[in-house]
file model.cif (mmCIF, C-alpha atoms)
data_my_file
#
loop_
_atom_site.label_atom_id
_atom_site.label_comp_id
_atom_site.auth_asym_id
_atom_site.auth_seq_id
_atom_site.Cartn_x
_atom_site.Cartn_y
_atom_site.Cartn_z
CA MET A 1 26.12 57.62 -76.33
CA ALA A 2 27.07 54.94 -78.85
CA ARG A 3 25.76 51.51 -78.01
CA VAL A 4 28.27 48.83 -77.18
CA GLN A 5 28.82 46.36 -80.01
CA GLN A 6 29.08 42.62 -79.41
CA SER A 7 32.33 42.53 -81.38
CA ASP A 8 33.89 44.97 -78.91
CA VAL A 9 33.00 43.32 -75.61
CA ARG A 10 35.41 41.15 -73.63
CA ASN A 11 32.89 39.57 -71.27
CA ARG A 12 32.71 35.91 -72.22
CA LEU A 13 28.97 35.64 -71.52
CA LEU A 14 28.14 38.60 -73.75
CA LYS A 15 30.40 37.13 -76.43
CA ALA A 16 28.72 33.73 -76.16
CA MET A 17 25.19 35.15 -76.68
CA THR A 18 23.42 34.74 -80.00
CA SER A 19 23.22 38.07 -81.83
CA ASP A 20 19.45 38.11 -81.15
CA ASP A 21 20.02 37.65 -77.43
CA PHE A 22 22.72 40.29 -77.38
CA ALA A 23 20.30 42.67 -79.13
CA LEU A 24 17.81 42.11 -76.28
CA VAL A 25 20.23 43.24 -73.59
CA GLN A 26 22.26 45.78 -75.59
CA PRO A 27 19.94 48.81 -75.14
CA HIS A 28 20.16 48.38 -71.35
CA LEU A 29 23.95 48.01 -71.01
CA GLN A 30 25.72 50.90 -69.37
CA LEU A 31 29.51 51.07 -69.24
CA VAL A 32 30.69 51.79 -65.68
CA ASP A 33 34.03 52.16 -63.95
CA LEU A 34 34.53 49.69 -61.14
CA PRO A 35 37.16 51.01 -58.72
CA ILE A 36 38.74 48.84 -56.04
CA LYS A 37 36.35 48.01 -53.15
CA TYR A 38 33.33 48.93 -55.30
CA ALA A 39 30.35 46.90 -54.04
CA LEU A 40 28.66 44.95 -56.86
CA ILE A 41 26.37 43.24 -54.38
CA GLU A 42 25.61 44.04 -50.78
CA PRO A 43 24.48 41.19 -48.53
CA ASP A 44 20.80 40.64 -47.77
CA ILE A 45 19.36 43.48 -49.83
CA PRO A 46 17.79 43.31 -53.31
CA VAL A 47 20.31 43.40 -56.17
CA PRO A 48 19.48 46.54 -58.21
CA HIS A 49 21.92 45.86 -61.07
CA LEU A 50 23.86 42.99 -62.55
CA TYR A 51 27.35 43.61 -63.89
CA PHE A 52 28.92 41.85 -66.85
CA LEU A 53 32.57 42.36 -65.91
CA GLU A 54 34.80 43.53 -68.75
CA SER A 55 37.99 43.82 -66.71
CA GLY A 56 39.11 43.64 -63.11
CA ILE A 57 38.40 40.94 -60.53
CA SER A 58 35.57 40.66 -58.04
CA SER A 59 35.30 38.56 -54.90
CA ALA A 60 32.30 37.16 -53.14
CA THR A 61 33.18 37.02 -49.47
CA MET A 62 31.64 35.58 -46.37
CA LYS A 63 31.87 37.85 -43.36
CA GLY A 64 31.85 35.94 -40.09
CA ALA A 65 33.08 36.22 -36.54
CA GLU A 66 36.59 35.21 -37.64
CA GLY A 67 36.69 37.85 -40.39
CA HIS A 68 36.23 37.88 -44.15
CA VAL A 69 36.97 34.84 -46.32
CA GLU A 70 36.57 34.64 -50.07
CA VAL A 71 33.95 32.19 -51.31
CA GLY A 72 33.95 33.09 -54.99
CA LEU A 73 35.98 34.95 -57.60
CA ALA A 74 35.00 36.36 -60.99
CA GLY A 75 36.39 38.48 -63.81
CA TRP A 76 35.50 38.93 -67.48
CA GLU A 77 33.78 35.55 -67.57
CA GLY A 78 31.32 36.68 -64.91
CA LEU A 79 27.95 38.24 -64.27
CA SER A 80 27.51 39.51 -60.72
CA GLY A 81 24.04 38.93 -59.35
CA ALA A 82 23.33 36.03 -61.69
CA VAL A 83 22.81 33.55 -58.85
CA PRO A 84 19.89 35.19 -57.06
CA VAL A 85 18.28 36.82 -60.11
CA LEU A 86 18.39 33.87 -62.52
CA LEU A 87 17.11 31.60 -59.75
CA GLY A 88 14.09 33.86 -59.28
CA ASN A 89 15.30 35.53 -56.13
CA ASP A 90 16.62 39.01 -55.41
CA ARG A 91 19.41 38.75 -52.81
CA ILE A 92 22.22 36.63 -51.36
CA PRO A 93 23.82 36.69 -47.89
CA HIS A 94 27.35 37.36 -49.22
CA ASP A 95 28.89 40.57 -50.41
CA ASN A 96 30.65 40.95 -53.73
CA PHE A 97 33.16 43.70 -54.36
CA MET A 98 35.98 44.62 -56.72
CA GLN A 99 39.39 43.52 -55.50
CA VAL A 100 41.18 44.52 -58.72
CA ALA A 101 39.77 47.66 -60.35
CA GLY A 102 38.24 47.39 -63.81
CA HIS A 103 35.06 48.19 -65.65
CA GLY A 104 31.82 46.48 -66.49
CA LEU A 105 28.58 46.67 -68.41
CA ARG A 106 25.73 47.17 -66.01
CA ILE A 107 22.11 46.17 -66.57
CA GLY A 108 19.11 46.77 -64.33
CA THR A 109 17.63 43.70 -62.70
CA GLU A 110 14.19 44.30 -64.23
CA ALA A 111 15.62 44.71 -67.73
CA LEU A 112 17.58 41.48 -67.42
CA CYS A 113 14.55 39.60 -66.08
CA ALA A 114 12.45 40.87 -69.00
CA ALA A 115 15.12 39.73 -71.47
CA VAL A 116 15.29 36.19 -70.06
CA GLU A 117 11.47 36.03 -70.03
CA GLU A 118 11.52 36.80 -73.72
CA SER A 119 14.36 34.49 -74.69
CA PRO A 120 14.65 30.87 -73.49
CA SER A 121 18.12 30.63 -75.05
CA LEU A 122 19.33 33.62 -73.04
CA ARG A 123 17.90 32.12 -69.86
CA THR A 124 19.63 28.81 -70.59
CA LEU A 125 23.00 30.50 -71.17
CA LEU A 126 22.80 32.46 -67.94
CA LEU A 127 21.60 29.44 -65.95
CA ARG A 128 24.58 27.57 -67.30
CA TYR A 129 26.70 30.37 -65.92
CA VAL A 130 25.01 29.88 -62.53
CA GLN A 131 26.14 26.24 -62.68
CA THR A 132 29.74 27.37 -63.26
CA GLU A 133 29.56 29.44 -60.07
CA PHE A 134 28.41 26.35 -58.15
CA VAL A 135 31.22 24.28 -59.61
CA GLN A 136 33.81 26.89 -58.68
CA ALA A 137 32.45 27.20 -55.12
CA ARG A 138 32.48 23.42 -54.65
CA GLN A 139 36.00 23.25 -56.03
CA THR A 140 37.00 25.91 -53.49
CA ALA A 141 35.45 23.88 -50.66
CA TYR A 142 37.36 20.78 -51.82
CA VAL A 143 40.64 22.66 -52.08
CA ASN A 144 40.25 24.37 -48.71
CA ALA A 145 39.53 21.08 -46.99
CA THR A 146 42.35 19.21 -48.67
CA TYR A 147 45.41 21.18 -49.61
CA THR A 148 48.37 23.14 -48.25
CA THR A 149 48.56 26.91 -48.25
CA GLU A 150 51.13 26.81 -51.10
CA LEU A 151 48.80 24.82 -53.30
CA ARG A 152 45.74 26.92 -52.51
CA LEU A 153 47.77 30.03 -53.22
CA ALA A 154 48.94 28.58 -56.54
CA ARG A 155 45.31 27.95 -57.56
CA TRP A 156 44.26 31.43 -56.52
CA LEU A 157 47.11 33.06 -58.44
CA LEU A 158 46.20 31.05 -61.56
CA MET A 159 42.56 32.13 -61.26
CA CYS A 160 43.67 35.77 -61.04
CA HIS A 161 46.17 35.37 -63.87
CA ASP A 162 43.30 34.11 -66.07
CA ARG A 163 41.49 37.40 -65.48
CA VAL A 164 44.12 40.09 -66.03
CA ASP A 165 46.17 41.30 -69.00
CA GLY A 166 49.84 40.46 -68.54
CA ASP A 167 51.58 38.71 -65.67
CA ASP A 168 51.41 41.27 -62.84
CA LEU A 169 48.84 40.75 -60.09
CA PRO A 170 48.33 43.84 -57.91
CA VAL A 171 47.74 42.18 -54.55
CA LYS A 172 49.16 42.60 -51.06
CA HIS A 173 49.85 39.73 -48.68
CA GLU A 174 47.24 41.03 -46.28
CA PHE A 175 44.64 40.81 -49.01
CA LEU A 176 45.69 37.27 -49.96
CA ALA A 177 45.40 36.34 -46.28
CA VAL A 178 41.77 37.44 -46.30
CA MET A 179 41.05 35.69 -49.59
CA LEU A 180 42.55 32.38 -48.45
CA GLY A 181 41.48 32.61 -44.81
CA VAL A 182 45.09 32.16 -43.68
CA GLN A 183 47.30 34.28 -41.37
CA ARG A 184 49.22 36.88 -43.37
CA THR A 185 52.55 35.44 -42.18
CA GLY A 186 51.44 32.05 -43.55
CA VAL A 187 50.78 33.66 -46.94
CA THR A 188 54.18 35.38 -46.90
CA LEU A 189 55.86 32.05 -46.16
CA ALA A 190 53.93 30.28 -48.95
CA LEU A 191 54.78 33.05 -51.42
CA GLN A 192 58.46 32.61 -50.57
CA VAL A 193 58.17 28.88 -51.26
CA LEU A 194 56.63 29.62 -54.67
CA GLU A 195 59.20 32.30 -55.36
CA GLY A 196 62.08 30.00 -54.41
CA ALA A 197 60.84 27.50 -56.96
CA GLY A 198 60.81 30.15 -59.71
CA ARG A 199 57.05 30.21 -60.21
CA ILE A 200 56.45 33.81 -59.19
CA ARG A 201 58.30 36.97 -58.23
CA GLY A 202 57.13 39.15 -55.40
CA ARG A 203 57.48 42.91 -55.15
CA ARG A 204 55.89 45.38 -52.82
CA GLY A 205 52.17 45.24 -53.46
CA ARG A 206 52.56 43.15 -56.61
CA ILE A 207 53.13 39.54 -57.59
CA THR A 208 54.42 38.58 -61.05
CA VAL A 209 53.69 35.16 -62.51
CA THR A 210 57.04 34.18 -64.04
CA ASN A 211 56.35 30.54 -64.87
CA ARG A 212 52.72 29.63 -65.26
CA GLU A 213 53.47 26.05 -66.24
CA LEU A 214 55.25 25.39 -62.94
CA LEU A 215 52.38 27.04 -61.08
CA GLU A 216 49.89 24.75 -62.83
CA GLN A 217 52.02 21.70 -62.01
CA LEU A 218 51.93 22.62 -58.35
CA ALA A 219 48.20 23.38 -58.39
CA GLY A 220 47.48 19.92 -59.83
CA ASP A 221 43.82 18.94 -59.64
CA SER A 222 42.95 21.96 -57.50
CA TYR A 223 42.85 24.07 -60.65
CA GLY A 224 41.31 23.45 -64.05
CA ALA A 225 38.09 21.50 -63.48
CA ALA A 226 35.96 24.60 -62.87
CA GLU A 227 37.62 26.42 -65.77
CA ALA A 228 36.97 23.46 -68.11
CA GLU A 229 33.35 23.34 -66.97
CA TYR A 230 32.94 27.01 -67.89
CA ALA A 231 34.39 26.44 -71.35
CA ARG A 232 32.12 23.43 -71.86
CA LEU A 233 28.91 25.04 -70.64
CA ILE A 234 29.31 28.54 -72.02
CA GLU A 235 31.54 28.19 -75.05
CA GLY A 236 30.78 24.62 -76.10
CA ALA A 237 34.41 23.55 -75.73
CA MET B 1 50.11 53.62 -33.99
CA PRO B 2 53.52 52.07 -34.58
CA ARG B 3 53.93 49.29 -37.09
CA TYR B 4 55.43 45.95 -36.12
CA PHE B 5 56.81 43.28 -38.43
CA PHE B 6 56.21 39.63 -37.60
CA ASN B 7 59.13 37.73 -39.10
CA LEU B 8 58.49 34.00 -38.99
CA ARG B 9 61.46 31.85 -37.90
CA TYR B 10 60.89 28.24 -39.02
CA GLY B 11 64.38 26.74 -38.74
CA HIS B 12 68.04 27.67 -38.29
CA GLY B 13 69.88 30.08 -40.58
CA PRO B 14 68.96 33.08 -42.73
CA ASP B 15 67.04 31.04 -45.32
CA LYS B 16 64.64 29.82 -42.64
CA LEU B 17 63.36 33.26 -41.76
CA SER B 18 60.25 34.47 -43.58
CA VAL B 19 60.53 38.26 -43.50
CA ASP B 20 57.24 40.11 -43.09
CA PRO B 21 57.15 42.95 -45.67
CA GLU B 22 53.83 44.49 -44.55
CA GLY B 23 53.51 44.43 -40.79
CA ASP B 24 50.61 45.34 -38.50
CA GLU B 25 49.78 48.53 -36.63
CA LEU B 26 49.40 47.85 -32.93
CA PRO B 27 49.29 50.11 -29.85
CA ASP B 28 52.02 48.58 -27.68
CA LEU B 29 54.24 45.56 -27.01
CA ASN B 30 51.58 43.81 -25.00
CA ALA B 31 49.23 43.98 -27.98
CA VAL B 32 52.09 42.79 -30.19
CA ARG B 33 52.57 39.71 -28.02
CA MET B 34 48.83 38.93 -27.96
CA HIS B 35 48.68 39.32 -31.74
CA ALA B 36 51.67 36.99 -32.15
CA LEU B 37 50.07 34.33 -29.94
CA HIS B 38 46.73 34.60 -31.74
CA SER B 39 48.42 34.32 -35.11
CA ALA B 40 50.56 31.37 -33.96
CA ARG B 41 47.53 29.51 -32.59
CA ASP B 42 45.69 29.96 -35.86
CA LEU B 43 48.65 28.70 -37.91
CA ILE B 44 49.06 25.68 -35.60
CA ALA B 45 45.36 24.84 -35.68
CA ARG B 46 44.46 25.43 -39.32
CA SER B 47 47.45 25.82 -41.65
CA ARG B 48 49.28 23.17 -43.56
CA THR B 49 52.40 24.15 -45.43
CA ASP B 50 55.26 22.35 -47.17
CA ALA B 51 57.81 24.61 -45.48
CA VAL B 52 56.96 23.74 -41.88
CA ARG B 53 56.60 20.19 -40.56
CA ASP B 54 56.28 21.20 -36.92
CA TRP B 55 54.84 24.58 -35.99
CA PHE B 56 56.19 24.18 -32.45
CA VAL B 57 59.77 24.77 -33.59
CA CYS B 58 58.68 28.16 -35.01
CA SER B 59 58.80 31.58 -33.43
CA TYR B 60 57.96 35.15 -34.32
CA GLU B 61 60.95 37.51 -34.35
CA ILE B 62 59.24 40.84 -34.11
CA GLU B 63 60.83 44.09 -35.31
CA ASP B 64 59.81 47.73 -35.38
CA GLU B 65 60.03 50.03 -38.40
CA ASP B 66 63.74 50.65 -37.72
CA CYS B 67 64.45 46.90 -37.97
CA ARG B 68 65.20 46.72 -34.24
CA GLN B 69 64.36 43.30 -32.88
CA LEU B 70 62.00 43.83 -29.97
CA LEU B 71 60.57 40.50 -29.01
CA THR B 72 60.72 36.79 -29.80
CA VAL B 73 57.54 34.79 -29.29
CA PRO B 74 58.07 31.02 -29.57
CA PHE B 75 55.03 29.13 -30.83
CA THR B 76 55.37 26.90 -27.74
CA ASP B 77 54.17 29.92 -25.72
CA THR B 78 50.68 29.21 -27.07
CA VAL B 79 50.57 26.18 -24.76
CA PRO B 80 50.30 26.90 -21.02
CA ASP B 81 53.15 25.53 -18.88
CA ASP B 82 52.41 22.39 -16.87
CA GLY B 83 50.90 23.29 -13.55
CA ASP B 84 50.00 26.81 -14.58
CA ASP B 85 46.54 26.50 -13.20
CA GLY B 86 47.02 23.29 -11.22
CA THR B 87 44.03 21.52 -12.76
CA PHE B 88 43.51 19.32 -15.77
#
call {"tool": "encode", "arguments": {"input": "model.cif", "output": "structure tokens"}}
result
Amino acid sequence: MARVQQSDVRNRLLKAMTSDDFALVQPHLQLVDLPIKYALIEPDIPVPHLYFLESGISSATMKGAEGHVEVGLAGWEGLSGAVPVLLGNDRIPHDNFMQVAGHGLRIGTEALCAAVEESPSLRTLLLRYVQTEFVQARQTAYVNATYTTELRLARWLLMCHDRVDGDDLPVKHEFLAVMLGVQRTGVTLALQVLEGAGRIRGRRGRITVTNRELLEQLAGDSYGAAEAEYARLIEGA
Amino acid sequence: MPRYFFNLRYGHGPDKLSVDPEGDELPDLNAVRMHALHSARDLIARSRTDAVRDWFVCSYEIEDEDCRQLLTVPFTDTVPDDGDDGTF
């Protein structure tokens, strides 16, 4: 099988690597399909592989007595498993699964650990990515404690829009309810508010972003800080 | 199991009805009512929205798959009537 070339990848971490660092991981990268519900990480067991997502969207969720709630979201900027593995650990108590199907480049945990042992610059890049996950999670905590369902939904839709081609987001209301930790009927109501203002259009099982600028205006300071931090840390923006 | 649709009434008139496009599968009307009360309590306790200033004016207008209206559950039903159990 032909090896993946750095010029062909979409993952923003792989793109941001020096060519020497990319060469360290390249022999170990395996292209895999990631169907919906595919588990990238299972809670409380050692992470066997890390996945550089090339397309699709994954969610880290917390499963508690009151059900599942999303605590983190990643797409082609992400590396699943980075938090435990880069911090010298092997597991986390949350699960992480695909919520929008896609594909990724998979690397074994041992191979990745060997690569970061060999290259301080690779370790630094991936630790910077770990910081972006913290920033996003803290932003989510702030938003959940502070804002209305409409505003939280606007942020979530923007985060998804950043991670798909085109303007269609294949999500059902029931799924959004889980992601936002809100009753489904509350999500439906909030979607109708956004739709009435011309920001989105809803269809069965799909939401289309029709006016991103209006969505960003509504989201205000709930959206953007974590995204800017990623650009600064990973891409030197 | 039959599927029930929990349309959310949050004011007067057709534009103040949030129509549920997905619904929930539940065994019977008693389960439907319990689900409506649970959902209403959660919205009252934890949700803030620009569309609803007062959750207690809201109700669920619940329909079956043939769009027959079966049951209305006012959000005020989440609060026990005065004197229900005689103690405070």
call {"tool": "interface_residues", "arguments": {"input": "model.cif", "of": "chain A", "to": "chain B", "cutoff": "8 Å", "atoms": "only C-alpha atoms", "output": "list in words"}}
result
Tyr147, Thr148, Thr149, Glu150, His173, Glu174, Val182, Gln183, Thr185, Gly186, Thr188, Leu189, Ala190, Gln192, Val193 and Arg204 of chain A
call {"tool": "resolve_selection", "arguments": {"input": "model.cif", "expression": "the PyMOL selection byres ((chain A and resi 96-109) around 9)", "output": "PyMOL selection string"}}
result
chain A and resi 11+25+28-43+47-61+72-73+76+80-81+85+90+94-95+110-114+169-171+175
call {"tool": "residues_around", "arguments": {"input": "model.cif", "residues": "Arg128 of chain A", "least_positions_apart": "3", "cutoff": "12 Å", "atoms": "all atoms listed in the file", "output": "list of chain:residue names"}}
result
A:Leu13, A:Ala16, A:Gly78, A:Leu79, A:Ala82, A:Val83, A:Leu86, A:Leu87, A:Ser121, A:Leu122, A:Arg123, A:Thr124, A:Leu125, A:Gln131, A:Thr132, A:Glu133, A:Phe134, A:Val135, A:Glu229, A:Tyr230, A:Ala231, A:Arg232, A:Leu233, A:Ile234, A:Glu235, A:Gly236
call {"tool": "residues_near_point", "arguments": {"input": "model.cif", "point": "(43.1, 29.0, -53.8)", "cutoff": "8 Å", "atoms": "all atoms listed in the file", "output": "PyMOL selection string"}}
result
chain A and resi 140+143-144+151-157+180+222
call {"tool": "residues_around", "arguments": {"input": "model.cif", "residues": "Val32 of chain B", "least_positions_apart": "4", "cutoff": "12 Å", "atoms": "all atoms listed in the file", "output": "ChimeraX atom specification"}}
result
/B:1-6,23-28,36-39,60-64,70-73
call {"tool": "atom_distance", "arguments": {"input": "model.cif", "atom1": "atom CA of Arg163 of chain A", "atom2": "atom CA of Glu77 of chain A"}}
result
8.2 Å
call {"tool": "atom_distance", "arguments": {"input": "model.cif", "atom1": "atom CA of Ile92 of chain A", "atom2": "atom CA of Val69 of chain A"}}
result
15.7 Å
call {"tool": "residues_around", "arguments": {"input": "model.cif", "residues": "segment 5-7 of chain A", "least_positions_apart": "6", "cutoff": "9 Å", "atoms": "only C-alpha atoms", "output": "PyMOL selection string"}}
result
chain A and resi 14-15+17+19+22-23+26
call {"tool": "atom_distance", "arguments": {"input": "model.cif", "atom1": "atom CA of Arg53 of chain B", "atom2": "atom CA of Pro80 of chain B"}}
result
21.6 Å
